[in-house]
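Visitor: To start, I am sharing the structure in question, which I have written as structure tokens.
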Amino acid sequence: MKIYHLLLASLTLSFPGYGVTTVVKDGDTLVGTFTIVADGDSLQVEEGGLVTGLAADAVAIGADNQTVINSGTIFMDGTGNFGIVGGAFENITVINNGLLSANTGLGDLGILIGAGSGHLLVNNGSILSDNLAVVSVNWTDGVIINNGQISSDGFDGIQCTSPSNIKIVNSGQVLAGARGIFVDSPTGSTRLTNTGSITVGGSDPGLSLVSAPGDSVVINSGRISAQGAGALGVSVGSSDNVVFTNSGIISSTSAGGFQLGAGSNNHFINSGIIQAPSAPAILIINATDPTLTLLRGSNIQGDVQFLINPLNLLNVETGLNLSLTRTNDAGFNNFGIEAPFILSGLTVGVIDPTGFTLQPDVVADLSDTILDSVYRHRLGCCTPCGSGAWVQGIGSYRKRSHADKHVGYDIFQGGFLIGYDNSICRGYLGLFAGASYVEAEVDHKTQKAHINSYVGGATYETCFCNNFVGLAITAGYIDWDNDRYVMNNLVAGGVETASADIDGFFLSPEITITRKIGSHSCQPVMSFTLRYAGFFPGNYSESGSQTNLSVSDRHINLLTTRLEAALPLSDICGKCCWSVEPYIGVYGRYQLSNGSIDGEFLGQDLSFSQPGPRNVAAFLSGIRGIQSFGCVNLSLNLEASFDSHSSARLLGEGGVNWNF
């Protein structure tokens, strides 16, 4: 590598009306302190270029509106020197895409930019220092963005002293021996976003915000890890009106996860993980009117302490089963909890009621998939004649979206039926039996159910003139294994499972009346169905959680009315016949029981109403198909429906029967 002196070896470009740009090209080296002289001048170090300060600062900012872009290497080897240093100037831009190394000399610092407004510092490469890595002093309306790596052996990674309205974004990696990111902002607000990782190995916090007078916002969706003895994950002290939102991970191996110190009206919103097995996961000290909001997905592992003053407001979002225990006597002033909850001693228990919302949907889906296609001789173009045996697969999928008082969920079902029809009294009497498996899961891993159903039933169907009447009944036993996932801050991993067997009997009769509009074989067909479905579980009690719930008898009674119009199409070729029957319709489902849930929770009586829709109206569209090969018939029914409470369902049955 060739070494050139500063002003002789660098390539200098000048354009009328613009500042001077000094370019250090691949293979060039600048030795000593390079000072950017005039307003608007800039330094550009290309890949393969090197600027080294040796025993002095490498790059010095000398005026307003200057820019440093490093895609090569800026290197120091001295004592107490800077990679890039600037005084009290305006609108300084530093972009590091390469390597800025200040970790070989004793006490060398990475970048320090002094007082001024409109500064921008972007790191897409690596900034390595054995002292402070990135320092800003008295900035106004400045921005620091790290997309790469910032590493400091024994000091702060990013230090912002007395900024006013500073914005910090970290999507990269900050490794520090002291504080990962430190902001002391007595005169203005802070906007800090971490989507990357912050790791500290000393006794200082991973992220520290102090002296913020108001309206600061901190968002963590990445990872903040405090691995040193006595180190906090996050510390917010002496600040007012700070909103701190965590959807990522905050962990500490010793001193604690999140600490909120003196200040007023601060708000901590959590939907992520806070791990502090050896100290408080959440510690609020001498704060005035603090608010804690726990959203779905919250996982707190460790003690929760409110010292000196109580928590002004505890919010819990519906969709979070909660067992939150504080370890001191300072309590709660107010609760913002719409879900059923109990305060018992030092523990707040909250139940996500969505599991009760989905129960009528499970019962309705089981009834509908069984009864929608058990008739073998209804009006159509290609109706099998004679007695016969049949086997059929059934299945459905339902997605209900979130609403105000319940969370969204999915219900999957699959099963089979086998049956036999025999002619009797100018009609056909059929018997059938089968089983199905249902898996229901609430969004955000709040609850999961595994349901096995064993059913049997009978049908009678007859045709006269252009009319069809079908009577059917099915009954059986439902084996319902239910798991409710509870966030408990005092158990390892932060989550425990409250399990219950919600078993009971199932009954569903119906009548269907169909009329063909016309006398030909393929004419429009109108049909009406009146169907009841009931599920009758007994009392049950959960086990496995500190907040087990016991529920008294709960009956689910549903009445469904269904109106359908179909237009059959068919073709006959010898003994073979096929029929396709597209149809549309509407149905209404009405819950006859009052939907009240009565039981015991945390040793106290608890009564609440089933959230979610009790009565729904739906539009449906589907298609039936039959392919007959003499005595053997293949059948298929596919249907989609959309109801008035943001639920969509796909339902299907397919089978084969043999007539003789």
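As shown in the structure tokens, the chain order sets the letters A, B, ...; within each chain, residues go from 1, and ligands are also counted from 1 in the order they appear.
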With only C-alpha atoms counted and 12 Å as the cut-off, give the residues of segment 316-417 of chain A in contact with segment 299-307 of chain A, each with its shortest interatomic distance in Å and the pair that gives it, as a tab-separated table.
Guide:
residue	atom	partner	partner_atom	distance
A:Leu320	CA	A:Asn299	CA	10.0
A:Asn321	CA	A:Asn299	CA	10.7
A:Leu322	CA	A:Asn299	CA	9.6
A:Ser323	CA	A:Ile300	CA	10.2
A:Leu324	CA	A:Val304	CA	8.0
A:Thr325	CA	A:Val304	CA	6.8
A:Arg326	CA	A:Val304	CA	4.7
A:Thr327	CA	A:Gln305	CA	5.7
A:Asn328	CA	A:Gln305	CA	6.1
A:Asp329	CA	A:Phe306	CA	8.0
A:Ala330	CA	A:Phe306	CA	5.7
A:Gly331	CA	A:Phe306	CA	7.3
A:Phe332	CA	A:Phe306	CA	9.2
A:Asn333	CA	A:Phe306	CA	11.8
A:Leu346	CA	A:Val304	CA	10.3
A:Thr347	CA	A:Val304	CA	10.6
A:Val348	CA	A:Val304	CA	11.7
Visitor: Give me the residues near segment 133-140 of chain A as a list in words, where near means some atom within 7 Å (using only C-alpha atoms) and where sequence neighbours in that chain fewer than 4 positions away do not count.
Guide: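 With the cut-off at 7 Å, the set is Leu109, Gly110, Ile111, Leu112, Ile113, Gly114, Ala115, Gly116, Ser117, Gly118, Ile127, Leu128, Ser129, Ile150, Ser151, Ser152, Asp156, Gly157, Ile158, Gln159, Cys160, Thr161, Ser162, Pro163, Ser164, Asn165 and Ile166 of chain A.
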Visitor: Considering only C-alpha atoms, return as a VMD selection string whatever protein or nucleic-acid residues lie within 7 Å of Thr33 of chain A, sequence-local ones (same chain, fewer than 6 positions apart) excluded.
Guide: chain A and resid 53 56 to 60
Visitor: Keeping only N, CA, C and O atoms, write the selected residues as a PDB file, in the first residue's frame.
Guide:
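Result went into again19.pdb, see below:
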ATOM      1  N   GLY A  53      -5.316   8.130  12.105  1.00  0.00           N
ATOM      2  CA  GLY A  53      -4.831   9.253  12.898  1.00  0.00           C
ATOM      3  C   GLY A  53      -3.564   8.942  13.648  1.00  0.00           C
ATOM      4  O   GLY A  53      -2.914   9.850  14.167  1.00  0.00           O
ATOM      5  N   ALA A  56      -3.234  10.648  16.885  1.00  0.00           N
ATOM      6  CA  ALA A  56      -4.081  11.832  16.865  1.00  0.00           C
ATOM      7  C   ALA A  56      -5.460  11.439  16.353  1.00  0.00           C
ATOM      8  O   ALA A  56      -5.702  10.298  15.950  1.00  0.00           O
ATOM      9  N   ASP A  57      -6.406  12.404  16.388  1.00  0.00           N
ATOM     10  CA  ASP A  57      -7.718  12.155  15.810  1.00  0.00           C
ATOM     11  C   ASP A  57      -7.571  11.853  14.325  1.00  0.00           C
ATOM     12  O   ASP A  57      -6.690  12.390  13.651  1.00  0.00           O
ATOM     13  N   ALA A  58      -8.453  11.020  13.815  1.00  0.00           N
ATOM     14  CA  ALA A  58      -8.375  10.673  12.398  1.00  0.00           C
ATOM     15  C   ALA A  58      -9.068  11.715  11.523  1.00  0.00           C
ATOM     16  O   ALA A  58      -8.494  12.208  10.558  1.00  0.00           O
ATOM     17  N   VAL A  59     -10.330  12.060  11.834  1.00  0.00           N
ATOM     18  CA  VAL A  59     -11.097  13.008  11.035  1.00  0.00           C
ATOM     19  C   VAL A  59     -11.685  14.058  11.966  1.00  0.00           C
ATOM     20  O   VAL A  59     -12.307  13.721  12.979  1.00  0.00           O
ATOM     21  N   ALA A  60     -11.505  15.341  11.607  1.00  0.00           N
ATOM     22  CA  ALA A  60     -12.045  16.442  12.398  1.00  0.00           C
ATOM     23  C   ALA A  60     -13.023  17.244  11.555  1.00  0.00           C
ATOM     24  O   ALA A  60     -12.722  17.628  10.422  1.00  0.00           O
TER      25      ALA A  60
END
Visitor: Quick one: distance from atom CA of Lys25 of chain A to atom CA of Ile84 of chain A in Å, one decimal?
Guide: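 Separation of atom CA of Lys25 of chain A and atom CA of Ile84 of chain A: 18.6 Å.
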Visitor: Which of segment 375-459 of chain A counts as strand (DSSP E or B) under DSSP, as number ranges by chain please?
Guide: A: 388-400, 403, 406, 409-424, 427-442, 447-459
Visitor: My list of candidates is A:Ala618, A:Leu379, A:Leu634, A:Ile556. Which is closest to Phe536 of chain A when distances are computed with only C-alpha atoms?
Guide: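 For Phe536 of chain A, the nearest of the candidates is A:Ile556.
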Visitor: Identify which of the residues A:Leu431, A:Ala500, A:Leu366, A:Gly83 lies closest to Tyr532 of chain A, counting only C-alpha atoms when measuring atom-to-atom distances.
Guide: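 Among the listed residues, A:Leu366 lies closest to Tyr532 of chain A.
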Visitor: Could you pull the residues within 12 Å of segment 527-530 of chain A, counting only C-alpha atoms, minus those fewer than 6 positions along the same chain, as a CSV table (one decimal) with all heavy atoms, in the first residue's frame?
Guide:
chain,number,residue,atom,x,y,z
A,368,ASP,N,-73.6,-29.4,11.7
A,368,ASP,CA,-73.8,-29.1,10.3
A,368,ASP,C,-73.1,-30.1,9.4
A,368,ASP,O,-73.6,-30.5,8.3
A,368,ASP,CB,-73.3,-27.7,10.0
A,368,ASP,CG,-74.2,-26.6,10.6
A,368,ASP,OD1,-75.3,-27.0,11.1
A,368,ASP,OD2,-73.9,-25.5,10.6
A,371,LEU,N,-75.2,-33.5,9.4
A,371,LEU,CA,-76.5,-33.5,8.9
A,371,LEU,C,-76.7,-32.9,7.5
A,371,LEU,O,-77.7,-33.1,6.9
A,371,LEU,CB,-77.5,-32.8,9.9
A,371,LEU,CG,-77.6,-33.5,11.3
A,371,LEU,CD1,-78.5,-32.7,12.1
A,371,LEU,CD2,-78.1,-35.0,11.1
A,372,ASP,N,-75.7,-32.1,7.1
A,372,ASP,CA,-75.9,-31.4,5.8
A,372,ASP,C,-76.0,-32.4,4.6
A,372,ASP,O,-76.5,-32.0,3.5
A,372,ASP,CB,-74.8,-30.4,5.5
A,372,ASP,CG,-75.1,-29.1,6.1
A,372,ASP,OD1,-76.2,-28.9,6.7
A,372,ASP,OD2,-74.4,-28.1,5.8
A,378,ARG,N,-82.8,-37.3,-1.7
A,378,ARG,CA,-83.4,-36.0,-1.8
A,378,ARG,C,-83.6,-35.7,-3.3
A,378,ARG,O,-82.9,-36.2,-4.2
A,378,ARG,CB,-82.6,-34.9,-1.1
A,378,ARG,CG,-81.3,-34.6,-1.6
A,378,ARG,CD,-80.5,-33.7,-0.7
A,378,ARG,NE,-81.2,-32.4,-0.5
A,378,ARG,CZ,-80.9,-31.6,0.5
A,378,ARG,NH1,-80.0,-31.9,1.4
A,378,ARG,NH2,-81.5,-30.4,0.6
A,379,LEU,N,-84.5,-34.7,-3.6
A,379,LEU,CA,-84.8,-34.4,-5.0
A,379,LEU,C,-83.5,-33.9,-5.7
A,379,LEU,O,-82.7,-33.1,-5.2
A,379,LEU,CB,-85.8,-33.3,-5.0
A,379,LEU,CG,-87.2,-33.7,-4.5
A,379,LEU,CD1,-88.1,-32.5,-4.5
A,379,LEU,CD2,-87.8,-34.8,-5.4
A,380,GLY,N,-83.4,-34.3,-7.0
A,380,GLY,CA,-82.2,-33.9,-7.8
A,380,GLY,C,-82.3,-34.6,-9.1
A,380,GLY,O,-83.3,-35.2,-9.5
A,466,ASN,N,-93.8,-33.4,-6.1
A,466,ASN,CA,-92.5,-32.7,-6.3
A,466,ASN,C,-91.9,-32.3,-5.0
A,466,ASN,O,-91.2,-31.3,-4.9
A,466,ASN,CB,-92.7,-31.5,-7.2
A,466,ASN,CG,-92.9,-31.9,-8.6
A,466,ASN,OD1,-92.4,-32.9,-9.1
A,466,ASN,ND2,-93.7,-31.1,-9.3
A,467,ASN,N,-92.2,-33.0,-3.9
A,467,ASN,CA,-91.8,-32.6,-2.6
A,467,ASN,C,-90.9,-33.7,-1.9
A,467,ASN,O,-91.0,-34.9,-2.3
A,467,ASN,CB,-93.0,-32.4,-1.7
A,467,ASN,CG,-93.9,-31.3,-2.2
A,467,ASN,OD1,-93.5,-30.1,-2.4
A,467,ASN,ND2,-95.1,-31.6,-2.5
A,468,PHE,N,-90.0,-33.3,-1.1
A,468,PHE,CA,-89.2,-34.2,-0.3
A,468,PHE,C,-89.2,-33.7,1.2
A,468,PHE,O,-89.2,-32.6,1.5
A,468,PHE,CB,-87.7,-34.1,-0.8
A,468,PHE,CG,-86.7,-34.7,0.1
A,468,PHE,CD1,-86.4,-36.1,0.0
A,468,PHE,CD2,-86.0,-34.0,1.1
A,468,PHE,CE1,-85.5,-36.7,0.9
A,468,PHE,CE2,-85.1,-34.6,1.9
A,468,PHE,CZ,-84.9,-35.9,1.8
A,469,VAL,N,-89.3,-34.7,2.1
A,469,VAL,CA,-89.3,-34.5,3.5
A,469,VAL,C,-88.2,-35.4,4.1
A,469,VAL,O,-88.2,-36.6,3.8
A,469,VAL,CB,-90.6,-34.7,4.2
A,469,VAL,CG1,-90.5,-34.6,5.7
A,469,VAL,CG2,-91.7,-33.8,3.6
A,470,GLY,N,-87.3,-34.8,4.8
A,470,GLY,CA,-86.3,-35.6,5.5
A,470,GLY,C,-86.3,-35.3,7.0
A,470,GLY,O,-86.3,-34.1,7.4
A,471,LEU,N,-86.2,-36.3,7.8
A,471,LEU,CA,-86.1,-36.2,9.2
A,471,LEU,C,-84.8,-36.9,9.6
A,471,LEU,O,-84.5,-38.0,9.2
A,471,LEU,CB,-87.3,-36.9,9.9
A,471,LEU,CG,-88.7,-36.4,9.6
A,471,LEU,CD1,-89.7,-37.3,10.2
A,471,LEU,CD2,-88.8,-35.0,10.1
A,472,ALA,N,-84.1,-36.2,10.5
A,472,ALA,CA,-82.8,-36.8,10.9
A,472,ALA,C,-82.5,-36.5,12.4
A,472,ALA,O,-83.0,-35.4,12.9
A,472,ALA,CB,-81.6,-36.3,10.1
A,473,ILE,N,-81.8,-37.3,13.1
A,473,ILE,CA,-81.4,-37.0,14.4
A,473,ILE,C,-80.0,-37.7,14.6
A,473,ILE,O,-79.8,-38.8,14.1
A,473,ILE,CB,-82.4,-37.6,15.5
A,473,ILE,CG1,-82.0,-37.2,16.9
A,473,ILE,CG2,-82.6,-39.1,15.3
A,473,ILE,CD1,-83.0,-37.4,17.9
A,508,SER,N,-78.7,-33.5,18.2
A,508,SER,CA,-79.0,-32.6,17.1
A,508,SER,C,-80.1,-33.3,16.2
A,508,SER,O,-79.8,-34.1,15.3
A,508,SER,CB,-77.8,-32.2,16.3
A,508,SER,OG,-78.1,-31.3,15.3
A,509,PRO,N,-81.4,-32.9,16.3
A,509,PRO,CA,-82.4,-33.3,15.4
A,509,PRO,C,-82.7,-32.2,14.3
A,509,PRO,O,-82.4,-31.1,14.5
A,509,PRO,CB,-83.6,-33.5,16.3
A,509,PRO,CG,-83.5,-32.5,17.3
A,509,PRO,CD,-82.0,-32.3,17.5
A,510,GLU,N,-83.3,-32.6,13.2
A,510,GLU,CA,-83.6,-31.6,12.2
A,510,GLU,C,-84.8,-32.1,11.3
A,510,GLU,O,-85.1,-33.3,11.3
A,510,GLU,CB,-82.4,-31.3,11.3
A,510,GLU,CG,-82.0,-32.4,10.3
A,510,GLU,CD,-81.5,-31.8,9.0
A,510,GLU,OE1,-80.6,-30.9,9.1
A,510,GLU,OE2,-81.8,-32.3,8.0
A,511,ILE,N,-85.4,-31.2,10.6
A,511,ILE,CA,-86.4,-31.5,9.5
A,511,ILE,C,-86.0,-30.7,8.3
A,511,ILE,O,-85.7,-29.5,8.5
A,511,ILE,CB,-87.8,-31.3,10.0
A,511,ILE,CG1,-88.8,-31.6,8.8
A,511,ILE,CG2,-88.0,-29.9,10.5
A,511,ILE,CD1,-90.2,-31.6,9.3
A,512,THR,N,-86.0,-31.3,7.2
A,512,THR,CA,-85.8,-30.6,5.9
A,512,THR,C,-86.9,-30.8,5.0
A,512,THR,O,-87.4,-32.0,4.8
A,512,THR,CB,-84.5,-31.1,5.2
A,512,THR,OG1,-83.4,-30.7,6.1
A,512,THR,CG2,-84.3,-30.5,3.9
A,513,ILE,N,-87.4,-29.8,4.4
A,513,ILE,CA,-88.5,-29.8,3.4
A,513,ILE,C,-88.0,-29.2,2.1
A,513,ILE,O,-87.5,-28.1,2.1
A,513,ILE,CB,-89.8,-29.1,3.9
A,513,ILE,CG1,-90.2,-29.6,5.2
A,513,ILE,CG2,-90.9,-29.1,2.9
A,513,ILE,CD1,-91.4,-28.8,5.9
A,514,THR,N,-88.2,-30.0,1.0
A,514,THR,CA,-87.7,-29.5,-0.3
A,514,THR,C,-88.8,-29.6,-1.3
A,514,THR,O,-89.6,-30.6,-1.3
A,514,THR,CB,-86.5,-30.4,-0.8
A,514,THR,OG1,-85.5,-30.4,0.2
A,514,THR,CG2,-86.0,-30.0,-2.1
A,515,ARG,N,-88.9,-28.6,-2.2
A,515,ARG,CA,-89.8,-28.6,-3.3
A,515,ARG,C,-89.2,-28.3,-4.6
A,515,ARG,O,-88.4,-27.3,-4.7
A,515,ARG,CB,-91.0,-27.6,-3.0
A,515,ARG,CG,-92.0,-27.6,-4.1
A,515,ARG,CD,-93.3,-26.8,-3.7
A,515,ARG,NE,-94.2,-26.8,-4.9
A,515,ARG,CZ,-95.1,-27.8,-5.2
A,515,ARG,NH1,-95.1,-28.9,-4.4
A,515,ARG,NH2,-95.9,-27.6,-6.2
A,516,LYS,N,-89.5,-29.1,-5.6
A,516,LYS,CA,-89.0,-28.9,-6.9
A,516,LYS,C,-90.0,-27.9,-7.7
A,516,LYS,O,-91.2,-28.1,-7.7
A,516,LYS,CB,-88.9,-30.2,-7.7
A,516,LYS,CG,-88.3,-30.1,-9.1
A,516,LYS,CD,-88.3,-31.4,-9.8
A,516,LYS,CE,-87.5,-32.4,-9.1
A,516,LYS,NZ,-87.5,-33.7,-9.8
A,517,ILE,N,-89.4,-26.9,-8.3
A,517,ILE,CA,-90.2,-25.9,-9.0
A,517,ILE,C,-90.4,-26.4,-10.4
A,517,ILE,O,-89.6,-26.0,-11.3
A,517,ILE,CB,-89.6,-24.5,-8.9
A,517,ILE,CG1,-89.2,-24.1,-7.5
A,517,ILE,CG2,-90.5,-23.5,-9.5
A,517,ILE,CD1,-90.4,-24.1,-6.5
A,558,LEU,N,-78.7,-24.4,20.5
A,558,LEU,CA,-78.6,-23.7,19.2
A,558,LEU,C,-79.8,-24.1,18.3
A,558,LEU,O,-80.1,-25.3,18.2
A,558,LEU,CB,-77.3,-23.9,18.5
A,558,LEU,CG,-76.0,-23.6,19.2
A,558,LEU,CD1,-74.8,-24.0,18.3
A,558,LEU,CD2,-75.9,-22.2,19.6
A,559,LEU,N,-80.4,-23.1,17.7
A,559,LEU,CA,-81.5,-23.4,16.7
A,559,LEU,C,-81.1,-22.7,15.4
A,559,LEU,O,-80.7,-21.5,15.4
A,559,LEU,CB,-82.8,-22.8,17.2
A,559,LEU,CG,-84.0,-23.1,16.3
A,559,LEU,CD1,-84.3,-24.6,16.3
A,559,LEU,CD2,-85.3,-22.3,16.8
A,560,THR,N,-81.1,-23.5,14.3
A,560,THR,CA,-80.7,-23.0,13.0
A,560,THR,C,-81.8,-23.1,12.0
A,560,THR,O,-82.5,-24.1,11.9
A,560,THR,CB,-79.4,-23.8,12.5
A,560,THR,OG1,-78.4,-23.6,13.4
A,560,THR,CG2,-79.0,-23.2,11.1
A,561,THR,N,-82.1,-22.0,11.3
A,561,THR,CA,-83.0,-22.0,10.2
A,561,THR,C,-82.2,-21.8,8.9
A,561,THR,O,-81.3,-20.9,8.8
A,561,THR,CB,-84.1,-21.0,10.3
A,561,THR,OG1,-83.5,-19.7,10.5
A,561,THR,CG2,-84.9,-21.3,11.5
A,562,ARG,N,-82.5,-22.6,7.9
A,562,ARG,CA,-81.7,-22.5,6.6
A,562,ARG,C,-82.6,-22.6,5.4
A,562,ARG,O,-83.5,-23.4,5.3
A,562,ARG,CB,-80.8,-23.8,6.6
A,562,ARG,CG,-79.9,-23.9,5.4
A,562,ARG,CD,-79.2,-25.2,5.4
A,562,ARG,NE,-78.4,-25.5,4.2
A,562,ARG,CZ,-77.1,-25.4,4.1
A,562,ARG,NH1,-76.4,-25.0,5.2
A,562,ARG,NH2,-76.5,-25.7,3.0
A,563,LEU,N,-82.4,-21.6,4.5
A,563,LEU,CA,-83.2,-21.5,3.3
A,563,LEU,C,-82.2,-21.6,2.1
A,563,LEU,O,-81.3,-20.8,2.1
A,563,LEU,CB,-84.0,-20.2,3.3
A,563,LEU,CG,-84.9,-20.0,2.1
A,563,LEU,CD1,-86.0,-21.1,2.0
A,563,LEU,CD2,-85.5,-18.6,2.1
A,564,GLU,N,-82.6,-22.4,1.1
A,564,GLU,CA,-81.6,-22.7,0.1
A,564,GLU,C,-82.3,-22.8,-1.3
A,564,GLU,O,-83.4,-23.4,-1.3
A,564,GLU,CB,-80.9,-24.0,0.4
A,564,GLU,CG,-79.9,-24.6,-0.6
A,564,GLU,CD,-79.5,-26.0,-0.2
A,564,GLU,OE1,-79.0,-26.2,0.9
A,564,GLU,OE2,-79.6,-26.8,-1.1
A,565,ALA,N,-81.6,-22.3,-2.3
A,565,ALA,CA,-82.1,-22.5,-3.7
A,565,ALA,C,-81.0,-23.1,-4.5
A,565,ALA,O,-79.9,-22.7,-4.5
A,565,ALA,CB,-82.5,-21.1,-4.3
A,566,ALA,N,-81.4,-24.2,-5.3
A,566,ALA,CA,-80.4,-24.9,-6.1
A,566,ALA,C,-80.9,-25.0,-7.5
A,566,ALA,O,-82.1,-25.1,-7.8
A,566,ALA,CB,-80.2,-26.3,-5.5
A,567,LEU,N,-80.0,-25.2,-8.4
A,567,LEU,CA,-80.3,-25.3,-9.9
A,567,LEU,C,-79.5,-26.6,-10.4
A,567,LEU,O,-78.3,-26.5,-10.7
A,567,LEU,CB,-79.9,-24.1,-10.7
A,567,LEU,CG,-80.2,-24.1,-12.2
A,567,LEU,CD1,-81.7,-24.3,-12.4
A,567,LEU,CD2,-79.7,-22.9,-12.8
A,583,TYR,N,-75.7,-24.2,-5.5
A,583,TYR,CA,-76.8,-23.6,-4.7
A,583,TYR,C,-76.3,-22.4,-3.9
A,583,TYR,O,-75.1,-22.2,-3.6
A,583,TYR,CB,-77.4,-24.7,-3.7
A,583,TYR,CG,-76.4,-25.2,-2.7
A,583,TYR,CD1,-76.3,-24.6,-1.4
A,583,TYR,CD2,-75.7,-26.3,-3.0
A,583,TYR,CE1,-75.4,-25.1,-0.5
A,583,TYR,CE2,-74.8,-26.9,-2.1
A,583,TYR,CZ,-74.7,-26.3,-0.8
A,583,TYR,OH,-73.8,-26.8,0.1
A,584,ILE,N,-77.3,-21.6,-3.5
A,584,ILE,CA,-77.0,-20.4,-2.7
A,584,ILE,C,-78.1,-20.4,-1.6
A,584,ILE,O,-79.1,-21.0,-1.7
A,584,ILE,CB,-77.0,-19.1,-3.4
A,584,ILE,CG1,-78.3,-18.8,-4.1
A,584,ILE,CG2,-75.8,-19.0,-4.4
A,584,ILE,CD1,-78.5,-17.5,-4.7
A,585,GLY,N,-77.8,-19.7,-0.5
A,585,GLY,CA,-78.8,-19.6,0.5
A,585,GLY,C,-78.4,-18.7,1.7
A,585,GLY,O,-77.4,-18.0,1.6
A,586,VAL,N,-79.2,-18.7,2.7
A,586,VAL,CA,-79.0,-17.9,3.9
A,586,VAL,C,-79.4,-18.8,5.1
A,586,VAL,O,-80.2,-19.8,5.0
A,586,VAL,CB,-79.8,-16.6,4.0
A,586,VAL,CG1,-79.4,-15.7,2.9
A,586,VAL,CG2,-81.3,-16.9,3.8
A,587,TYR,N,-78.7,-18.5,6.2
A,587,TYR,CA,-79.2,-19.2,7.4
A,587,TYR,C,-79.0,-18.3,8.6
A,587,TYR,O,-78.3,-17.3,8.6
A,587,TYR,CB,-78.4,-20.5,7.7
A,587,TYR,CG,-77.0,-20.4,8.1
A,587,TYR,CD1,-76.6,-20.1,9.4
A,587,TYR,CD2,-76.0,-20.7,7.2
A,587,TYR,CE1,-75.3,-20.0,9.8
A,587,TYR,CE2,-74.6,-20.6,7.6
A,587,TYR,CZ,-74.3,-20.3,8.9
A,587,TYR,OH,-73.0,-20.2,9.3
A,588,GLY,N,-79.8,-18.6,9.6
A,588,GLY,CA,-79.8,-17.8,10.9
A,588,GLY,C,-79.5,-18.8,12.0
A,588,GLY,O,-80.1,-19.9,12.0
A,589,ARG,N,-78.6,-18.5,12.9
A,589,ARG,CA,-78.4,-19.3,14.1
A,589,ARG,C,-78.7,-18.5,15.4
A,589,ARG,O,-78.2,-17.4,15.5
A,589,ARG,CB,-76.9,-19.8,14.1
A,589,ARG,CG,-76.6,-21.0,15.0
A,589,ARG,CD,-75.1,-21.3,15.0
A,589,ARG,NE,-74.4,-20.4,15.9
A,589,ARG,CZ,-73.1,-20.2,16.0
A,589,ARG,NH1,-72.3,-20.9,15.1
A,589,ARG,NH2,-72.5,-19.4,16.8
A,590,TYR,N,-79.4,-19.2,16.2
A,590,TYR,CA,-79.9,-18.5,17.4
A,590,TYR,C,-79.5,-19.3,18.7
A,590,TYR,O,-79.8,-20.5,18.7
A,590,TYR,CB,-81.4,-18.3,17.4
A,590,TYR,CG,-81.9,-17.9,16.0
A,590,TYR,CD1,-82.4,-18.9,15.2
A,590,TYR,CD2,-81.8,-16.6,15.6
A,590,TYR,CE1,-82.8,-18.5,13.9
A,590,TYR,CE2,-82.3,-16.2,14.3
A,590,TYR,CZ,-82.8,-17.2,13.5
A,590,TYR,OH,-83.2,-16.9,12.2
Visitor: Take atom CA of Val183 of chain A and atom CA of Gly297 of chain A and report the distance between them in Å, one decimal.
Guide: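 Going from atom CA of Val183 of chain A over to atom CA of Gly297 of chain A covers 28.3 Å.
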Visitor: Neighbours of segment 256-271 of chain A within 7 Å (only C-alpha atoms; same-chain residues fewer than 4 positions away dropped), as an NGL selection string?
Guide: :A and (232-247 or 250-252 or 275-276 or 279-298)
Visitor: Just checking: using only C-alpha atoms, which residue out of A:Phe412, A:Tyr428, A:Trp658, A:Phe535 ends up closest to Gln591 of chain A?
Guide: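 Closest residue, counting only C-alpha atoms: A:Phe535.
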Visitor: I'd like to know which of A:Gly86, A:Gly336, A:Gly125, A:Gly630 is closest to Thr73 of chain A, using only C-alpha atoms.
Guide: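 For Thr73 of chain A, the nearest of the given residues is A:Gly125.
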